[in-house]
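Beneath this line is the structure, given in structure tokens, with notes to follow.
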Amino acid sequence: MGHLRQGEWHNDEVATNDDKGQFKREESTFREIISEEHTEFKPEKDRYHLYVSYACPWAHRTLIARQLKNLEDHISVSVVHPEMLEESWTFRTDFEGTTGDQVLKKDKLYEVYLHHNPEITTKVTVPILFDKKTQKIVNNESSEILRIFNSSFEKISSSDINLYPKEYQSSIDEFNEMIYEPVNNGVYKVGFATTQEAYEKAFHSLFNTLDKLDDHLKETNFLVSDSLTEADIRLLTTLLRFDAVYYTHFKCNKKKISEYKNLFRYLKFHYQRKEISSTTNLEHIKRHYFYSHDFINPNRIVPLGPMNPFI
Ligand SMILES: N[C@@H](CCC(=O)N[C@@H](CS)C(=O)NCC(=O)O)C(=O)O
């Protein structure tokens, strides 16, 4: 991954692997919250901005939550170009669905990090939650942005949906933990493995967990209780990319999601919600993975299919 080191952009390798060839994801840099009690970041109308890629499963979580929580009028969005090349994400607008940088008018995403601090050392990732008032980055960890959207803006925009209800928090946490390493991060561990051993380990762990989830979903369309929670959102953004990208590009090819009876029914059920379907952009998803990772796909051919993966 490219990095900013003391304000300088360095185009490092795309994936960081340990000495066993296993992919290691780095920690997110910005971890602030938004709250009435916070000295700086208070909930306010139209104060915060979200930088996303439609391709990215982590950013996708935040786009879904923003819609479910009726925050579209209060949290503005910029969508980067799907190709992540030598200068990481950019605000090029020659691809349908891109918006350019709506706030700072930068050309590259790393310039948003530099705007916060010209001497910063960090990796450069989406999503970013940016404060237009202080011109600072609040948070760039999707799981935390999801929680901020769920609970910090209650007075500004009401929504009946609670993605992390008190009575189910421990079950939601358990599913989040069960899913994060082998599935959300797992597909990357399979795809970015640089040894056969690391690939096989991540592959088995991924499909063992998918088997368990398929079993759990036998009689329900929700991981926890009988309504949508953040655990579902976190699983769905990986499932939505699976058959089109992870199955081929990342060699996660024991089974497609469409071959899992319950997981596929669950995916199709949730895809009927406009908050899920309108935030899912397969053109950005395919272009990003197949075009950006030339160490996996050197000719950068972007497949035309699958034609209707969610039907
Ligand atoms: N922990 C972060 C991970 C975000 C992340 O890795 N985003 C990817 C896109 S899918 C990215 O921007 N990668 C750029 C890079 O690693 O250089 C989160 O969940 O928000």
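Letters A, B, ... go to the chains of the structure tokens in the order shown; residues in each chain start at 1; ligands are counted from 1 in the same order.
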Counting only C-alpha atoms, what is within 6 Å of Ile120 of chain A, bar same-chain residues fewer than 2 positions away, as a PDB file with N, CA and C atoms, in the first residue's frame?
```pdb
ATOM      1  N   GLN A   6       5.739  11.393   6.854  1.00  0.00           N
ATOM      2  CA  GLN A   6       6.073  12.787   7.152  1.00  0.00           C
ATOM      3  C   GLN A   6       5.703  13.709   5.984  1.00  0.00           C
ATOM      4  N   GLY A   7       4.502  13.493   5.508  1.00  0.00           N
ATOM      5  CA  GLY A   7       3.961  14.380   4.478  1.00  0.00           C
ATOM      6  C   GLY A   7       4.384  14.056   3.054  1.00  0.00           C
ATOM      7  N   ASN A 117      -3.065  17.379   8.056  1.00  0.00           N
ATOM      8  CA  ASN A 117      -1.738  17.579   8.657  1.00  0.00           C
ATOM      9  C   ASN A 117      -0.663  17.404   7.581  1.00  0.00           C
ATOM     10  N   PRO A 118      -0.012  18.476   7.190  1.00  0.00           N
ATOM     11  CA  PRO A 118       0.968  18.412   6.090  1.00  0.00           C
ATOM     12  C   PRO A 118       2.173  17.519   6.393  1.00  0.00           C
TER      13      PRO A 118
END
```
What does the list of residues within 6 Å of ligand 1 look like if you count only C-alpha atoms and all ligand atoms, written as a PyMOL selection string? chain A and resi 1-2+28+56-58+124-127+140-143
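Within segment 88-157 of chain A, residues classed as strand (DSSP E or B) by DSSP on backbone coordinates are A:Ser88, A:Thr90, A:Lys108, A:Thr122, A:Lys123, A:Ile128, A:Leu129, A:Phe130, A:Asp131, A:Lys136, A:Ile137, A:Val138, A:Asn139.
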I'd like the neighbourhood of Tyr260 of chain A as a PyMOL selection string, where a residue qualifies if any of its atoms comes within 9 Å (using only C-alpha atoms), though same-chain residues fewer than 3 positions away should be ignored. chain A and resi 210-211+214+255-257+263-265
Considering only C-alpha atoms, return as a PyMOL selection string whatever protein or nucleic-acid residues lie within 12 Å of Asp12 of chain A, sequence-local ones (same chain, fewer than 5 positions apart) excluded. chain A and resi 1-5+85-88+123-124
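The gap separating atom CA of Arg287 of chain A from atom CA of Gly305 of chain A is 12.0 Å, in Å to one decimal.
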As an MDAnalysis selection string, please: the residues near Ile301 of chain A (cut-off 8 Å, only C-alpha atoms, same-chain neighbours under 3 positions excluded). chainID A and resid 290:291 297
So, with only C-alpha atoms as the atoms that count, which of A:His270, A:His74, A:His204, A:His81 lies closest to Lys45 of chain A? A:His74
Backbone-only DSSP, helix (DSSP H, G or I) members of segment 70-309 of chain A, as a ChimeraX atom specification: /A:110-116,142-151,166-184,186-191,196-219,230-246,257-259,261-271,274-277,282-292
Within 8 Å of His288 of chain A, counting only C-alpha atoms, which residues qualify if same-chain residues fewer than 5 places away don't, as a PyMOL selection string? chain A and resi 55+82-84
For the residues in the current selection, export C-alpha atoms as a PDB file, in the first residue's frame.
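Final output, result.pdb:
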```pdb
ATOM      1  CA  ALA A  55     -15.645  -0.385  -4.833  1.00  0.00           C
ATOM      2  CA  PRO A  82     -12.372   3.161  -8.939  1.00  0.00           C
ATOM      3  CA  GLU A  83      -8.780   2.718 -10.110  1.00  0.00           C
ATOM      4  CA  MET A  84      -6.289   2.714  -7.248  1.00  0.00           C
TER       5      MET A  84
END
```
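Between atom CA of Val80 of chain A and atom CA of Val52 of chain A there is a distance of 6.3 Å.
Between atom CA of Asp101 of chain A and atom CA of Leu114 of chain A there is a distance of 14.2 Å.
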Could you make a table, as JSON lines, of the residues of segment 15-126 of chain A that have an atom within 12 Å of an atom of segment 222-234 of chain A, each with its nearest atom pair and distance in Å to one decimal, counting only C-alpha atoms, in chain and number order?
```
{"residue": "A:Pro57", "atom": "CA", "partner": "A:Arg234", "partner_atom": "CA", "distance": 8.4}
{"residue": "A:Trp58", "atom": "CA", "partner": "A:Arg234", "partner_atom": "CA", "distance": 8.0}
{"residue": "A:Ala59", "atom": "CA", "partner": "A:Arg234", "partner_atom": "CA", "distance": 10.5}
{"residue": "A:His60", "atom": "CA", "partner": "A:Ile233", "partner_atom": "CA", "distance": 8.9}
{"residue": "A:Arg61", "atom": "CA", "partner": "A:Ile233", "partner_atom": "CA", "distance": 6.1}
{"residue": "A:Thr62", "atom": "CA", "partner": "A:Ile233", "partner_atom": "CA", "distance": 9.2}
{"residue": "A:Leu63", "atom": "CA", "partner": "A:Ile233", "partner_atom": "CA", "distance": 10.3}
{"residue": "A:Ile64", "atom": "CA", "partner": "A:Ile233", "partner_atom": "CA", "distance": 7.6}
{"residue": "A:Ala65", "atom": "CA", "partner": "A:Ile233", "partner_atom": "CA", "distance": 8.2}
{"residue": "A:Arg66", "atom": "CA", "partner": "A:Ile233", "partner_atom": "CA", "distance": 11.8}
{"residue": "A:Leu68", "atom": "CA", "partner": "A:Leu228", "partner_atom": "CA", "distance": 10.1}
```
I need the residues from that last selection saved to file as a short mmCIF file (atom, residue, chain, number, x, y, z; two decimals), in the first residue's frame (with C-alpha atoms), if you can.
```cif
data_model
loop_
_atom_site.label_atom_id
_atom_site.label_comp_id
_atom_site.auth_asym_id
_atom_site.auth_seq_id
_atom_site.Cartn_x
_atom_site.Cartn_y
_atom_site.Cartn_z
CA PRO A 57 -16.53 -2.99 1.11
CA TRP A 58 -15.48 -0.95 4.17
CA ALA A 59 -16.68 2.33 2.68
CA HIS A 60 -19.85 0.59 1.49
CA ARG A 61 -20.81 -0.06 5.13
CA THR A 62 -20.86 3.66 5.82
CA LEU A 63 -22.88 4.50 2.69
CA ILE A 64 -25.55 1.98 3.68
CA ALA A 65 -25.72 3.30 7.26
CA ARG A 66 -25.91 6.92 6.05
CA LEU A 68 -30.63 3.87 6.65
#
```
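Excluding Phe30 of chain A itself and any same-chain residue fewer than 6 positions from it, the protein and nucleic acid residues within 7 Å of it, counting only C-alpha atoms, are Ile137, Val138, Asn139 and Asn140 of chain A.
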Export C-alpha atoms of the chosen residues as a PDB file, in the first residue's frame?
```pdb
ATOM      1  CA  ILE A 137     -10.419  14.178   9.661  1.00  0.00           C
ATOM      2  CA  VAL A 138     -12.605  12.757  12.427  1.00  0.00           C
ATOM      3  CA  ASN A 139     -12.375   9.043  11.755  1.00  0.00           C
ATOM      4  CA  ASN A 140     -11.234   6.643   9.019  1.00  0.00           C
TER       5      ASN A 140
END
```
Residues of segment 18-54 of chain A at most 10 Å from segment 189-194 of chain A: nearest atom pair and distance in Å, only C-alpha atoms, as CSV:
```
residue,atom,partner,partner_atom,distance
A:Asp18,CA,A:Thr194,CA,9.4
A:Asp19,CA,A:Thr194,CA,9.6
A:Lys20,CA,A:Thr194,CA,8.1
A:Gly21,CA,A:Thr194,CA,4.6
A:Gln22,CA,A:Ala193,CA,5.3
A:Phe23,CA,A:Lys189,CA,5.1
A:Lys24,CA,A:Lys189,CA,7.8
A:Arg25,CA,A:Lys189,CA,9.0
```
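Closest approach to Tyr110 of chain A among A:Ile128, A:Ile33, A:Ile161, A:Val77: A:Ile128, based on only C-alpha atoms.
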Let me make sure I understand: among A:Glu200, A:Thr39, A:Phe149, A:Ile156, which one has the smallest atom-to-atom distance to Gln67 of chain A if we use only C-alpha atoms? A:Phe149
With only C-alpha atoms as the basis for distance, which of A:Tyr199, A:Asn70, A:Tyr51, A:Phe242 is at the shortest distance from Phe91 of chain A? A:Tyr51
